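> Here's a structure for you.
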Amino acid sequence: MPLPFLTADRAFDASAEDVALPFDDHDNWRRPYRPGPWRVAGAAGLLLLASFVLLAGMVIVFAGAPTGAAVCLGLAAVIIVCALRLLRMGTWVSRHGVRRVGFLATATLPWNKIVAVRTVQQPVRWLGLPRTIQGQALVVVRQDGAEVPPLLTDSNADFLSRTEAFDRAADTIEAWGDEYRRD
């Protein structure tokens, strides 16, 4: 079963390196980078936990307690949804704007409301935890001057210890911004 939210389509093909926006259809929302190993490992751990909960539910059904099995089935469904949402998190771009998908909330900014998209040095959160370290962040400068959380950081679950991948993703998102802020 193809999982389109796990791929970055043709963004990493050798033939697409000379093209800033390598996608055929710019109306679809795309994540211009692959999910990092920390994010994939967290989702895999959650799916492993869900399999154990489903196995426990099967044992409970055979023991003759259908209500306990229903609770296990519901818990496993919640864990699977959390794993899929964890994989979906990140920054997505299209002709319409830039979208920051979080675990519980999604925020979309149209390109015409954005003044600049740039990479800056600033304190960033390490793996989304409260601890901050000095690092790079891709930030959006809005027309109204409102504060926006960074789109990407070099210390989040997608780019920890992957500096080249962060630079490539930041450059790609900046290219999308340069292309569509002009219109």
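Just remember, in the structure tokens the first chain shown is A, the second B, etc., residues are 1-based per chain, and ligands are 1-based in the order shown.
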Write out as a tab-separated table a residue-level contact list of segment 48-110 of chain A versus segment 140-151 of chain A with cut-off 10 Å: for each qualifying residue the closest pair of atoms and the distance in Å to one decimal, counting only C-alpha atoms, rows sorted by chain and residue number upward.

```
residue	atom	partner	partner_atom	distance
A:Gly90	CA	A:Leu151	CA	7.7
A:Thr91	CA	A:Leu151	CA	6.1
A:Trp92	CA	A:Leu151	CA	9.3
A:Val98	CA	A:Leu151	CA	8.9
A:Arg99	CA	A:Leu151	CA	8.6
A:Arg100	CA	A:Leu151	CA	6.4
A:Val101	CA	A:Leu151	CA	9.3
A:Ala107	CA	A:Val148	CA	9.8
A:Leu109	CA	A:Arg142	CA	8.7
A:Pro110	CA	A:Arg142	CA	9.9
```
> Produce a file of the selected residues containing N, CA and C atoms, as a compact mmCIF listing (two decimals), in the first residue's frame.

```
# COMPACT_ATOMS: atom_id res chain seq x y z
N GLY A 90 5.00 17.87 9.98
CA GLY A 90 6.07 18.49 9.20
C GLY A 90 5.58 19.73 8.48
N THR A 91 6.37 20.17 7.52
CA THR A 91 6.06 21.35 6.72
C THR A 91 5.70 20.90 5.32
N TRP A 92 4.56 21.38 4.84
CA TRP A 92 4.05 21.03 3.52
C TRP A 92 3.91 22.31 2.71
N VAL A 98 2.15 27.70 2.61
CA VAL A 98 2.97 26.78 3.39
C VAL A 98 2.12 26.33 4.58
N ARG A 99 2.20 25.05 4.88
CA ARG A 99 1.37 24.47 5.94
C ARG A 99 2.29 23.79 6.94
N ARG A 100 2.09 24.13 8.22
CA ARG A 100 2.84 23.49 9.31
C ARG A 100 1.89 22.54 10.02
N VAL A 101 2.14 21.24 9.85
CA VAL A 101 1.29 20.21 10.43
C VAL A 101 1.91 19.76 11.75
N ALA A 107 -1.59 24.62 10.79
CA ALA A 107 -1.70 26.03 10.46
C ALA A 107 -1.22 26.25 9.03
N LEU A 109 -0.44 29.16 6.01
CA LEU A 109 -0.22 30.56 5.67
C LEU A 109 -0.17 30.69 4.15
N PRO A 110 -1.04 31.52 3.57
CA PRO A 110 -0.95 31.73 2.13
C PRO A 110 0.31 32.54 1.78
```
> Do a neighbour search on segment 123-127 of chain A at 9 Å with only C-alpha atoms, toss out local chain neighbours closer than 4 positions, and write the hits as a list of chain:residue names.
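Answer for this query is A:Trp38, A:Arg131, A:Thr132, A:Ile133, A:Gln134, A:Gly135, A:Gln136, A:Ala137, A:Pro150, A:Thr153, A:Asp154, A:Ser155, A:Asn156, A:Ala157, A:Asp158, A:Leu160.
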> So that I can check the surroundings of Asp27 of chain A, please list as a ChimeraX atom specification every protein, DNA and RNA residue that reaches within 8 Å of it, counting only C-alpha atoms and ignoring chain neighbours fewer than 5 positions away.
/A:94-96
> Using only C-alpha atoms, which residue out of A:Val115, A:Leu73, A:Val139, A:Val78 lies closest to Leu46 of chain A?
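When distances to Leu46 of chain A are compared using only C-alpha atoms, the smallest one comes from A:Val78.
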> Would you kindly return, as a PDB file with C-alpha atoms, in the first residue's frame, each protein, DNA or RNA residue with an atom no farther than 12 Å from any atom of Gly68 of chain A, considering only C-alpha atoms and excluding same-chain residues fewer than 3 positions away?

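Output (part-v7.pdb):
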```
ATOM      1  CA  VAL A  53      -2.379  -4.372  22.427  1.00  0.00           C
ATOM      2  CA  LEU A  54      -4.189  -6.130  19.563  1.00  0.00           C
ATOM      3  CA  ALA A  56      -3.812  -8.836  24.163  1.00  0.00           C
ATOM      4  CA  GLY A  57      -7.276  -8.090  22.809  1.00  0.00           C
ATOM      5  CA  MET A  58      -7.294 -11.390  20.936  1.00  0.00           C
ATOM      6  CA  VAL A  59      -6.322 -13.271  24.108  1.00  0.00           C
ATOM      7  CA  ILE A  60      -9.073 -11.465  26.021  1.00  0.00           C
ATOM      8  CA  VAL A  61     -11.658 -12.427  23.363  1.00  0.00           C
ATOM      9  CA  PHE A  62     -10.663 -16.084  23.619  1.00  0.00           C
ATOM     10  CA  ALA A  63     -10.918 -15.820  27.411  1.00  0.00           C
ATOM     11  CA  GLY A  64     -14.541 -14.756  27.015  1.00  0.00           C
ATOM     12  CA  ALA A  65     -14.527 -11.050  27.941  1.00  0.00           C
ATOM     13  CA  VAL A  71     -11.361  -1.616  25.026  1.00  0.00           C
ATOM     14  CA  CYS A  72      -8.134  -3.137  23.674  1.00  0.00           C
ATOM     15  CA  LEU A  73      -9.340  -2.678  20.095  1.00  0.00           C
ATOM     16  CA  GLY A  74     -10.202   0.975  20.769  1.00  0.00           C
ATOM     17  CA  LEU A  75      -6.857   1.605  22.455  1.00  0.00           C
TER      18      LEU A  75
END
```
> Using backbone DSSP assignments, extract all alpha helix (DSSP H) residues from segment 8-161 of chain A; output them as a VMD selection string.
chain A and resid 37 to 63 66 to 88
> Can you spit out the residues from that selection as a compact mmCIF listing (two decimals), in the first residue's frame, using N, CA and C atoms?

```
# COMPACT_ATOMS: atom_id res chain seq x y z
N PRO A 37 14.78 9.76 10.71
CA PRO A 37 14.82 8.47 11.40
C PRO A 37 14.19 8.51 12.79
N TRP A 38 14.27 9.64 13.48
CA TRP A 38 13.67 9.72 14.81
C TRP A 38 12.15 9.67 14.73
N ARG A 39 11.59 10.34 13.73
CA ARG A 39 10.14 10.33 13.55
C ARG A 39 9.66 8.94 13.14
N VAL A 40 10.37 8.31 12.23
CA VAL A 40 9.98 6.97 11.77
C VAL A 40 10.14 5.95 12.89
N ALA A 41 11.21 6.07 13.69
CA ALA A 41 11.41 5.14 14.81
C ALA A 41 10.31 5.30 15.86
N GLY A 42 9.90 6.53 16.13
CA GLY A 42 8.81 6.75 17.08
C GLY A 42 7.51 6.14 16.59
N ALA A 43 7.20 6.32 15.31
CA ALA A 43 5.99 5.73 14.75
C ALA A 43 6.07 4.21 14.74
N ALA A 44 7.24 3.66 14.44
CA ALA A 44 7.40 2.20 14.45
C ALA A 44 7.22 1.65 15.86
N GLY A 45 7.73 2.36 16.85
CA GLY A 45 7.53 1.94 18.24
C GLY A 45 6.06 1.95 18.63
N LEU A 46 5.34 2.98 18.19
CA LEU A 46 3.90 3.03 18.48
C LEU A 46 3.15 1.90 17.79
N LEU A 47 3.52 1.60 16.54
CA LEU A 47 2.86 0.50 15.84
C LEU A 47 3.18 -0.85 16.48
N LEU A 48 4.40 -1.00 17.01
CA LEU A 48 4.74 -2.22 17.74
C LEU A 48 3.90 -2.35 19.00
N LEU A 49 3.74 -1.24 19.71
CA LEU A 49 2.88 -1.23 20.90
C LEU A 49 1.44 -1.58 20.52
N ALA A 50 0.95 -1.06 19.41
CA ALA A 50 -0.41 -1.36 18.96
C ALA A 50 -0.58 -2.85 18.64
N SER A 51 0.46 -3.46 18.08
CA SER A 51 0.36 -4.89 17.79
C SER A 51 0.26 -5.71 19.07
N PHE A 52 0.99 -5.31 20.10
CA PHE A 52 0.89 -6.02 21.38
C PHE A 52 -0.49 -5.83 22.01
N VAL A 53 -1.05 -4.63 21.88
CA VAL A 53 -2.38 -4.37 22.43
C VAL A 53 -3.42 -5.19 21.66
N LEU A 54 -3.27 -5.30 20.35
CA LEU A 54 -4.19 -6.13 19.56
C LEU A 54 -4.06 -7.61 19.93
N LEU A 55 -2.83 -8.06 20.16
CA LEU A 55 -2.63 -9.45 20.59
C LEU A 55 -3.28 -9.68 21.96
N ALA A 56 -3.15 -8.72 22.86
CA ALA A 56 -3.81 -8.84 24.16
C ALA A 56 -5.32 -8.87 24.00
N GLY A 57 -5.84 -8.07 23.07
CA GLY A 57 -7.28 -8.09 22.81
C GLY A 57 -7.74 -9.44 22.29
N MET A 58 -6.93 -10.08 21.45
CA MET A 58 -7.29 -11.39 20.94
C MET A 58 -7.32 -12.43 22.07
N VAL A 59 -6.35 -12.35 22.97
CA VAL A 59 -6.32 -13.27 24.11
C VAL A 59 -7.54 -13.04 25.00
N ILE A 60 -7.91 -11.78 25.19
CA ILE A 60 -9.07 -11.47 26.02
C ILE A 60 -10.36 -11.98 25.38
N VAL A 61 -10.47 -11.90 24.05
CA VAL A 61 -11.66 -12.43 23.36
C VAL A 61 -11.76 -13.93 23.58
N PHE A 62 -10.64 -14.64 23.42
CA PHE A 62 -10.66 -16.08 23.62
C PHE A 62 -10.93 -16.47 25.08
N ALA A 63 -10.63 -15.57 26.00
CA ALA A 63 -10.92 -15.82 27.41
C ALA A 63 -12.39 -15.57 27.74
N PRO A 66 -15.69 -9.98 26.06
CA PRO A 66 -15.75 -9.12 24.87
C PRO A 66 -15.63 -7.62 25.18
N THR A 67 -16.04 -7.17 26.34
CA THR A 67 -15.91 -5.74 26.64
C THR A 67 -14.44 -5.35 26.81
N GLY A 68 -13.67 -6.20 27.44
CA GLY A 68 -12.23 -5.95 27.57
C GLY A 68 -11.54 -5.96 26.21
N ALA A 69 -12.00 -6.84 25.33
CA ALA A 69 -11.43 -6.88 23.99
C ALA A 69 -11.77 -5.62 23.21
N ALA A 70 -12.98 -5.11 23.40
CA ALA A 70 -13.38 -3.88 22.72
C ALA A 70 -12.53 -2.70 23.20
N VAL A 71 -12.23 -2.67 24.49
CA VAL A 71 -11.36 -1.62 25.03
C VAL A 71 -9.97 -1.72 24.40
N CYS A 72 -9.45 -2.94 24.30
CA CYS A 72 -8.13 -3.14 23.67
C CYS A 72 -8.15 -2.71 22.21
N LEU A 73 -9.22 -3.05 21.50
CA LEU A 73 -9.34 -2.68 20.09
C LEU A 73 -9.39 -1.16 19.95
N GLY A 74 -10.14 -0.49 20.81
CA GLY A 74 -10.20 0.97 20.77
C GLY A 74 -8.87 1.61 21.09
N LEU A 75 -8.17 1.08 22.09
CA LEU A 75 -6.86 1.60 22.46
C LEU A 75 -5.86 1.41 21.31
N ALA A 76 -5.89 0.25 20.67
CA ALA A 76 -4.99 0.00 19.54
C ALA A 76 -5.30 0.95 18.39
N ALA A 77 -6.57 1.23 18.14
CA ALA A 77 -6.94 2.17 17.07
C ALA A 77 -6.41 3.57 17.37
N VAL A 78 -6.49 3.99 18.62
CA VAL A 78 -5.96 5.31 19.00
C VAL A 78 -4.45 5.35 18.82
N ILE A 79 -3.76 4.29 19.20
CA ILE A 79 -2.30 4.24 19.05
C ILE A 79 -1.91 4.28 17.57
N ILE A 80 -2.65 3.57 16.72
CA ILE A 80 -2.35 3.57 15.28
C ILE A 80 -2.58 4.95 14.68
N VAL A 81 -3.66 5.61 15.07
CA VAL A 81 -3.92 6.97 14.58
C VAL A 81 -2.81 7.92 15.03
N CYS A 82 -2.33 7.77 16.26
CA CYS A 82 -1.23 8.61 16.74
C CYS A 82 0.05 8.37 15.94
N ALA A 83 0.33 7.12 15.60
CA ALA A 83 1.52 6.81 14.81
C ALA A 83 1.42 7.43 13.42
N LEU A 84 0.25 7.34 12.80
CA LEU A 84 0.08 7.94 11.48
C LEU A 84 0.15 9.46 11.53
N ARG A 85 -0.39 10.06 12.58
CA ARG A 85 -0.31 11.52 12.72
C ARG A 85 1.13 11.96 12.95
N LEU A 86 1.89 11.15 13.69
CA LEU A 86 3.30 11.45 13.92
C LEU A 86 4.06 11.46 12.60
N LEU A 87 3.74 10.53 11.70
CA LEU A 87 4.40 10.49 10.40
C LEU A 87 3.97 11.65 9.51
N ARG A 88 2.77 12.15 9.70
CA ARG A 88 2.25 13.23 8.86
C ARG A 88 2.78 14.60 9.27
```
> Mind giving me the straight-line distance from atom CA of Val117 of chain A to atom CA of Leu138 of chain A in Å, one decimal?
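Atom-to-atom, atom CA of Val117 of chain A and atom CA of Leu138 of chain A are spaced 7.0 Å apart.
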> What does the distance between atom CA of Met89 of chain A and atom CA of Arg30 of chain A come to in Å, to one decimal place?
11.9 Å
> Out of segment 31-175 of chain A, which residues get strand (DSSP E) from DSSP, as a CSV table (one decimal) with N, CA and C atoms, in the first residue's frame?

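Written out: out-v3.csv:
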```
chain,number,residue,atom,x,y,z
A,90,GLY,N,5.0,17.9,10.0
A,90,GLY,CA,6.1,18.5,9.2
A,90,GLY,C,5.6,19.7,8.5
A,91,THR,N,6.4,20.2,7.5
A,91,THR,CA,6.1,21.3,6.7
A,91,THR,C,5.7,20.9,5.3
A,92,TRP,N,4.6,21.4,4.8
A,92,TRP,CA,4.1,21.0,3.5
A,92,TRP,C,3.9,22.3,2.7
A,93,VAL,N,4.2,22.2,1.4
A,93,VAL,CA,4.1,23.4,0.5
A,93,VAL,C,3.2,23.1,-0.7
A,94,SER,N,2.6,24.1,-1.2
A,94,SER,CA,1.9,24.0,-2.5
A,94,SER,C,1.8,25.4,-3.1
A,97,GLY,N,0.3,28.0,-0.5
A,97,GLY,CA,1.0,28.5,0.7
A,97,GLY,C,1.8,27.5,1.4
A,98,VAL,N,2.2,27.7,2.6
A,98,VAL,CA,3.0,26.8,3.4
A,98,VAL,C,2.1,26.3,4.6
A,99,ARG,N,2.2,25.1,4.9
A,99,ARG,CA,1.4,24.5,5.9
A,99,ARG,C,2.3,23.8,6.9
A,100,ARG,N,2.1,24.1,8.2
A,100,ARG,CA,2.8,23.5,9.3
A,100,ARG,C,1.9,22.5,10.0
A,101,VAL,N,2.1,21.2,9.9
A,101,VAL,CA,1.3,20.2,10.4
A,101,VAL,C,1.9,19.8,11.7
A,106,THR,N,-3.0,22.1,12.8
A,106,THR,CA,-2.4,22.5,11.5
A,106,THR,C,-2.6,23.9,11.2
A,107,ALA,N,-1.6,24.6,10.8
A,107,ALA,CA,-1.7,26.0,10.5
A,107,ALA,C,-1.2,26.2,9.0
A,108,THR,N,-2.0,27.0,8.2
A,108,THR,CA,-1.7,27.3,6.9
A,108,THR,C,-1.5,28.8,6.7
A,109,LEU,N,-0.4,29.2,6.0
A,109,LEU,CA,-0.2,30.6,5.7
A,109,LEU,C,-0.2,30.7,4.2
A,110,PRO,N,-1.0,31.5,3.6
A,110,PRO,CA,-1.0,31.7,2.1
A,110,PRO,C,0.3,32.5,1.8
A,114,ILE,N,3.0,36.3,3.4
A,114,ILE,CA,4.3,36.1,3.8
A,114,ILE,C,5.3,37.1,3.1
A,115,VAL,N,6.1,37.7,3.9
A,115,VAL,CA,7.1,38.6,3.4
A,115,VAL,C,8.4,37.9,3.0
A,116,ALA,N,8.8,37.0,3.9
A,116,ALA,CA,10.1,36.2,3.6
A,116,ALA,C,10.1,34.9,4.3
A,117,VAL,N,10.8,34.0,3.7
A,117,VAL,CA,11.1,32.7,4.3
A,117,VAL,C,12.6,32.6,4.3
A,118,ARG,N,13.2,32.5,5.5
A,118,ARG,CA,14.7,32.5,5.6
A,118,ARG,C,15.2,31.6,6.7
A,119,THR,N,16.4,31.2,6.6
A,119,THR,CA,17.1,30.4,7.6
A,119,THR,C,17.9,31.3,8.5
A,120,VAL,N,17.7,31.1,9.9
A,120,VAL,CA,18.3,31.9,10.8
A,120,VAL,C,19.0,31.1,11.9
A,121,GLN,N,20.0,31.6,12.6
A,121,GLN,CA,20.6,31.0,13.8
A,121,GLN,C,19.8,31.5,15.0
A,122,GLN,N,19.3,30.5,15.8
A,122,GLN,CA,18.6,30.9,17.0
A,122,GLN,C,18.5,29.7,17.9
A,123,PRO,N,18.2,29.9,19.2
A,123,PRO,CA,17.9,28.7,20.0
A,123,PRO,C,16.7,27.9,19.5
A,124,VAL,N,16.9,26.6,19.4
A,124,VAL,CA,15.8,25.7,18.9
A,124,VAL,C,15.6,24.6,19.9
A,125,ARG,N,14.4,24.1,19.9
A,125,ARG,CA,14.1,23.0,20.8
A,125,ARG,C,14.7,21.7,20.2
A,132,THR,N,16.5,23.7,25.0
A,132,THR,CA,16.9,24.4,23.8
A,132,THR,C,18.4,24.4,23.6
A,133,ILE,N,18.8,24.4,22.3
A,133,ILE,CA,20.2,24.4,22.0
A,133,ILE,C,20.4,25.4,20.8
A,134,GLN,N,21.6,25.9,20.5
A,134,GLN,CA,21.8,26.8,19.4
A,134,GLN,C,21.7,26.0,18.1
A,135,GLY,N,21.0,26.5,17.2
A,135,GLY,CA,20.8,25.8,15.9
A,135,GLY,C,20.2,26.6,14.8
A,136,GLN,N,19.9,26.0,13.7
A,136,GLN,CA,19.3,26.7,12.6
A,136,GLN,C,17.8,26.5,12.6
A,137,ALA,N,17.1,27.4,12.1
A,137,ALA,CA,15.6,27.3,12.0
A,137,ALA,C,15.2,28.0,10.7
A,138,LEU,N,14.2,27.4,10.0
A,138,LEU,CA,13.6,28.0,8.9
A,138,LEU,C,12.4,28.8,9.4
A,139,VAL,N,12.4,30.1,9.3
A,139,VAL,CA,11.3,30.9,9.8
A,139,VAL,C,10.6,31.7,8.7
A,140,VAL,N,9.3,32.0,9.0
A,140,VAL,CA,8.5,32.8,8.1
A,140,VAL,C,8.3,34.2,8.7
A,141,VAL,N,8.4,35.2,7.9
A,141,VAL,CA,8.2,36.6,8.3
A,141,VAL,C,6.8,37.0,7.7
A,142,ARG,N,5.8,37.2,8.5
A,142,ARG,CA,4.5,37.5,8.0
A,142,ARG,C,4.4,39.0,7.8
A,152,LEU,N,10.9,24.6,10.2
A,152,LEU,CA,11.9,23.5,10.4
A,152,LEU,C,13.0,23.9,11.3
A,153,THR,N,13.6,23.0,12.0
A,153,THR,CA,14.8,23.2,12.8
A,153,THR,C,15.8,22.1,12.5
```
> How far is it from atom CA of His26 of chain A to atom CA of Arg181 of chain A, in Å with one decimal?
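Taking atom CA of His26 of chain A as the start and atom CA of Arg181 of chain A as the end point, the length is 14.0 Å.
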